[in-house]
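Undergrad: Handing you a structure now.
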Amino acid sequence: PSAPTARVWDDSSEDEAGLPPGGAGGGLAGHGRRRPRPAPAPQSVVWRSKGHAWVESRHKVRRFFETTPGGVDGLVAQYLPPGKDEDEDPEMWRVVHDGDGDEEDLDFDDVVDALIAKDLNHKSADEMEGVRHEEERQERLSRAQRLETRSHHCCENQTPRLVAGLYGVSLPLLLRLNLKSDRGSMTDHLLLKAGTRASKRGFVLLLPAFRIDGARTEAEPQQAAARGRRGAKGRPAQ
């Protein structure tokens, strides 16, 4: 069945809890169902087909809806720059679904989730929901412990997938962290090819604060350190 176009509600349609009619679900689908989706831009604004890497490269996305739990693919077709008041008029991305041509206007968080979901071939919205929760947890811990953001300077042909493995960190979280920091300008150089697009020497990737096992991310990659320890143990006695 065709995926429904995302719906928007105004204040007059919310109940006392600030939710749309029908409760927390409210008929909204996709990652945005936990909050009201930003209202469509006024008709007087001009959507751009150039000026942003995700649009110019026609990057593929995957969205999840209640009626299409396996996901609906599409592409980033247009970009709307932020207004003078970015809180009132945030930047938006127009996504066009494959097949039926339905359109959605997504905010930054939602379009990043959709880009990664397609790139890593996610099968349900729960996978990116988990990444968001982990990101929020890491941000809280980082602030509480006053941790500085660590980074990795890539060697020639290192990929995000390889870097994630070296440090023992989540690949989706690594991609999300760098997409949020970069906001699109480096996407074609490194990210969003299943985490396997090779980098150029000296390219810098920001690292999640904590590894998958919950330990603090070390400055030295796990595998490199392990190779050093094995080498020391295997050195013949003089």
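Residues are referred to by chain and number: the chain letter is A, B, ... according to the order shown in the structure tokens, the number counts from 1 in that chain, and ligands are numbered separately from 1 in the order shown.
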Please list as a list in words every residue within 10 Å of stretch 120-123 of chain A, counting only C-alpha atoms and excluding residues in the same chain fewer than 3 positions away.
TA: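 Returned residues: Val61, Arg62, Arg63, Phe64, Pro69, Gly70, Gly71, Ala114, Leu115, Ile116, Ala117, Asp126, Glu127, Met128, Leu171, Pro172, Leu192, Lys193, Ala194 and Gly195 of chain A.
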Undergrad: Write the selection just made, keeping N, CA and C atoms, as a CSV table (one decimal), in the first residue's frame?
TA:
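Generated file (part23.csv):
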chain,number,residue,atom,x,y,z
A,61,VAL,N,17.0,7.9,0.8
A,61,VAL,CA,16.6,7.8,2.2
A,61,VAL,C,15.6,6.7,2.4
A,62,ARG,N,15.4,6.3,3.7
A,62,ARG,CA,14.4,5.3,4.0
A,62,ARG,C,13.6,5.8,5.2
A,63,ARG,N,12.2,5.8,5.0
A,63,ARG,CA,11.3,6.2,6.0
A,63,ARG,C,10.4,5.0,6.5
A,64,PHE,N,10.0,5.1,7.7
A,64,PHE,CA,9.2,4.0,8.2
A,64,PHE,C,7.8,4.6,8.7
A,69,PRO,N,5.8,-1.0,7.6
A,69,PRO,CA,6.9,-1.2,8.7
A,69,PRO,C,8.2,-1.6,8.1
A,70,GLY,N,8.2,-2.1,6.9
A,70,GLY,CA,9.5,-2.4,6.2
A,70,GLY,C,10.2,-1.2,5.7
A,71,GLY,N,9.6,-0.1,5.6
A,71,GLY,CA,10.2,1.1,5.1
A,71,GLY,C,9.8,1.5,3.7
A,114,ALA,N,16.9,9.2,8.3
A,114,ALA,CA,16.4,8.6,7.0
A,114,ALA,C,17.6,8.3,6.1
A,115,LEU,N,18.6,9.1,6.1
A,115,LEU,CA,19.8,8.9,5.3
A,115,LEU,C,20.6,7.7,5.8
A,116,ILE,N,20.7,7.6,7.1
A,116,ILE,CA,21.5,6.5,7.7
A,116,ILE,C,20.7,5.2,7.6
A,117,ALA,N,19.4,5.2,7.8
A,117,ALA,CA,18.6,4.0,7.7
A,117,ALA,C,18.7,3.4,6.3
A,126,ASP,N,12.9,1.1,14.8
A,126,ASP,CA,13.5,0.9,16.1
A,126,ASP,C,15.0,1.0,16.1
A,127,GLU,N,15.6,0.6,14.9
A,127,GLU,CA,17.1,0.7,14.9
A,127,GLU,C,17.6,2.1,15.0
A,128,MET,N,17.1,3.1,14.4
A,128,MET,CA,17.5,4.4,14.5
A,128,MET,C,17.0,5.0,15.8
A,171,LEU,N,28.7,2.1,14.4
A,171,LEU,CA,28.8,2.8,13.1
A,171,LEU,C,27.7,3.8,12.9
A,172,PRO,N,26.4,3.4,13.2
A,172,PRO,CA,25.3,4.4,13.0
A,172,PRO,C,25.5,5.7,13.8
A,192,LEU,N,27.8,7.9,4.0
A,192,LEU,CA,26.6,7.5,3.3
A,192,LEU,C,26.9,6.7,2.1
A,193,LYS,N,27.8,5.8,2.2
A,193,LYS,CA,27.9,4.7,1.2
A,193,LYS,C,28.1,3.4,2.0
A,194,ALA,N,27.1,3.1,2.9
A,194,ALA,CA,27.2,2.0,3.8
A,194,ALA,C,28.4,2.1,4.7
A,195,GLY,N,28.8,3.3,4.9
A,195,GLY,CA,30.0,3.5,5.8
A,195,GLY,C,31.3,3.0,5.2
Undergrad: With only C-alpha atoms as the counted atoms, please give the residues lying no more than 12 Å from A:Arg137, apart from itself and same-chain residues fewer than 3 positions off, as a list in words.
TA: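 So the residues in contact are Gly130, Val131, Arg132, His133, Glu134, Arg140, Leu141, Ser142, Arg143, Ala144, Leu173, Pro208, Ala209, Phe210 and Gly214 of chain A.
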Undergrad: Identify, with DSSP run on backbone atoms, the residues in stretch 44-82 of chain A assigned to helix (DSSP H, G or I), and express the list as number ranges by chain.
TA: A: 53-56
Undergrad: Leaving out A:Pro90 and any residue of its chain fewer than 3 positions from it, which residues lie within 10 Å of it when counting only C-alpha atoms, given as a VMD selection string?
TA: chain A and resid 38 41 80 to 87 107 to 108
Undergrad: Go ahead and save the residues from that selection, with C-alpha atoms, as a tab-separated table (two decimals), in the first residue's frame.
TA:
chain	number	residue	atom	x	y	z
A	38	PRO	CA	7.33	20.97	11.82
A	41	ALA	CA	6.79	26.04	4.93
A	80	LEU	CA	14.81	25.04	2.28
A	81	PRO	CA	17.39	27.22	4.08
A	82	PRO	CA	16.55	28.47	7.57
A	83	GLY	CA	14.80	31.78	8.05
A	84	LYS	CA	16.03	34.72	10.10
A	85	ASP	CA	14.71	33.02	13.22
A	86	GLU	CA	15.99	29.45	12.97
A	87	ASP	CA	13.81	28.33	15.87
A	107	ASP	CA	13.65	18.53	9.79
A	108	PHE	CA	17.36	17.93	10.30
Undergrad: What's the separation between atom CA of A:Val111 and atom CA of A:Trp93, in Å to one decimal place?
TA: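 Spanning atom CA of A:Val111 to atom CA of A:Trp93 is a straight-line distance of 7.1 Å.
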Undergrad: Show me, as a PDB file with all heavy atoms, in the first residue's frame, the residues that have an atom within 9 Å of A:Arg211 when counting only C-alpha atoms, minus same-chain residues fewer than 5 positions from it.
TA:
ATOM      1  N   TYR A 167      37.862   1.525  16.913  1.00  0.00           N
ATOM      2  CA  TYR A 167      37.606   2.094  18.228  1.00  0.00           C
ATOM      3  C   TYR A 167      36.515   1.348  18.999  1.00  0.00           C
ATOM      4  O   TYR A 167      36.233   1.673  20.154  1.00  0.00           O
ATOM      5  CB  TYR A 167      37.216   3.569  18.094  1.00  0.00           C
ATOM      6  CG  TYR A 167      38.380   4.453  17.724  1.00  0.00           C
ATOM      7  CD1 TYR A 167      38.670   4.735  16.390  1.00  0.00           C
ATOM      8  CD2 TYR A 167      39.202   5.007  18.704  1.00  0.00           C
ATOM      9  CE1 TYR A 167      39.741   5.544  16.040  1.00  0.00           C
ATOM     10  CE2 TYR A 167      40.266   5.828  18.368  1.00  0.00           C
ATOM     11  CZ  TYR A 167      40.536   6.082  17.036  1.00  0.00           C
ATOM     12  OH  TYR A 167      41.599   6.878  16.698  1.00  0.00           O
ATOM     13  N   GLY A 168      35.865   0.379  18.370  1.00  0.00           N
ATOM     14  CA  GLY A 168      34.807  -0.351  19.056  1.00  0.00           C
ATOM     15  C   GLY A 168      33.570   0.484  19.311  1.00  0.00           C
ATOM     16  O   GLY A 168      32.912   0.343  20.347  1.00  0.00           O
ATOM     17  N   VAL A 169      33.239   1.377  18.363  1.00  0.00           N
ATOM     18  CA  VAL A 169      32.083   2.256  18.533  1.00  0.00           C
ATOM     19  C   VAL A 169      31.009   1.893  17.511  1.00  0.00           C
ATOM     20  O   VAL A 169      31.260   1.208  16.521  1.00  0.00           O
ATOM     21  CB  VAL A 169      32.472   3.741  18.385  1.00  0.00           C
ATOM     22  CG1 VAL A 169      33.492   4.134  19.448  1.00  0.00           C
ATOM     23  CG2 VAL A 169      33.020   4.042  16.992  1.00  0.00           C
ATOM     24  N   SER A 170      29.798   2.366  17.752  1.00  0.00           N
ATOM     25  CA  SER A 170      28.660   2.100  16.879  1.00  0.00           C
ATOM     26  C   SER A 170      28.815   2.857  15.559  1.00  0.00           C
ATOM     27  O   SER A 170      28.992   4.083  15.562  1.00  0.00           O
ATOM     28  CB  SER A 170      27.368   2.530  17.581  1.00  0.00           C
ATOM     29  OG  SER A 170      26.310   2.714  16.667  1.00  0.00           O
ATOM     30  N   ARG A 216      35.011   4.115  28.088  1.00  0.00           N
ATOM     31  CA  ARG A 216      35.397   5.369  27.462  1.00  0.00           C
ATOM     32  C   ARG A 216      36.221   5.076  26.218  1.00  0.00           C
ATOM     33  O   ARG A 216      37.119   4.232  26.223  1.00  0.00           O
ATOM     34  CB  ARG A 216      36.225   6.196  28.460  1.00  0.00           C
ATOM     35  CG  ARG A 216      36.774   7.508  27.887  1.00  0.00           C
ATOM     36  CD  ARG A 216      35.714   8.577  27.837  1.00  0.00           C
ATOM     37  NE  ARG A 216      36.288   9.867  27.480  1.00  0.00           N
ATOM     38  CZ  ARG A 216      36.173  10.444  26.308  1.00  0.00           C
ATOM     39  NH1 ARG A 216      35.512   9.829  25.329  1.00  0.00           N
ATOM     40  NH2 ARG A 216      36.689  11.620  26.085  1.00  0.00           N
ATOM     41  N   THR A 217      35.928   5.784  25.138  1.00  0.00           N
ATOM     42  CA  THR A 217      36.690   5.613  23.913  1.00  0.00           C
ATOM     43  C   THR A 217      38.135   6.058  24.138  1.00  0.00           C
ATOM     44  O   THR A 217      38.373   7.177  24.585  1.00  0.00           O
ATOM     45  CB  THR A 217      36.077   6.435  22.764  1.00  0.00           C
ATOM     46  OG1 THR A 217      34.726   6.030  22.581  1.00  0.00           O
ATOM     47  CG2 THR A 217      36.844   6.225  21.477  1.00  0.00           C
ATOM     48  N   GLU A 218      39.063   5.185  23.851  1.00  0.00           N
ATOM     49  CA  GLU A 218      40.474   5.502  24.035  1.00  0.00           C
ATOM     50  C   GLU A 218      41.006   6.276  22.834  1.00  0.00           C
ATOM     51  O   GLU A 218      40.475   6.191  21.727  1.00  0.00           O
ATOM     52  CB  GLU A 218      41.285   4.219  24.220  1.00  0.00           C
ATOM     53  CG  GLU A 218      40.877   3.403  25.443  1.00  0.00           C
ATOM     54  CD  GLU A 218      41.184   4.109  26.748  1.00  0.00           C
ATOM     55  OE1 GLU A 218      42.060   4.979  26.750  1.00  0.00           O
ATOM     56  OE2 GLU A 218      40.516   3.801  27.762  1.00  0.00           O
TER      57      GLU A 218
END
Undergrad: Counting only C-alpha atoms, figure out which residue out of A:Gly74, A:Arg48, A:Asp119, A:Tyr79 gets nearest to A:Asp102.
TA: A:Gly74
Undergrad: DSSP on the backbone, then: every residue of stretch 66-149 of chain A marked strand (DSSP E or B), written as an MDAnalysis selection string.
TA: chainID A and resid 68:80 92:97 103:106
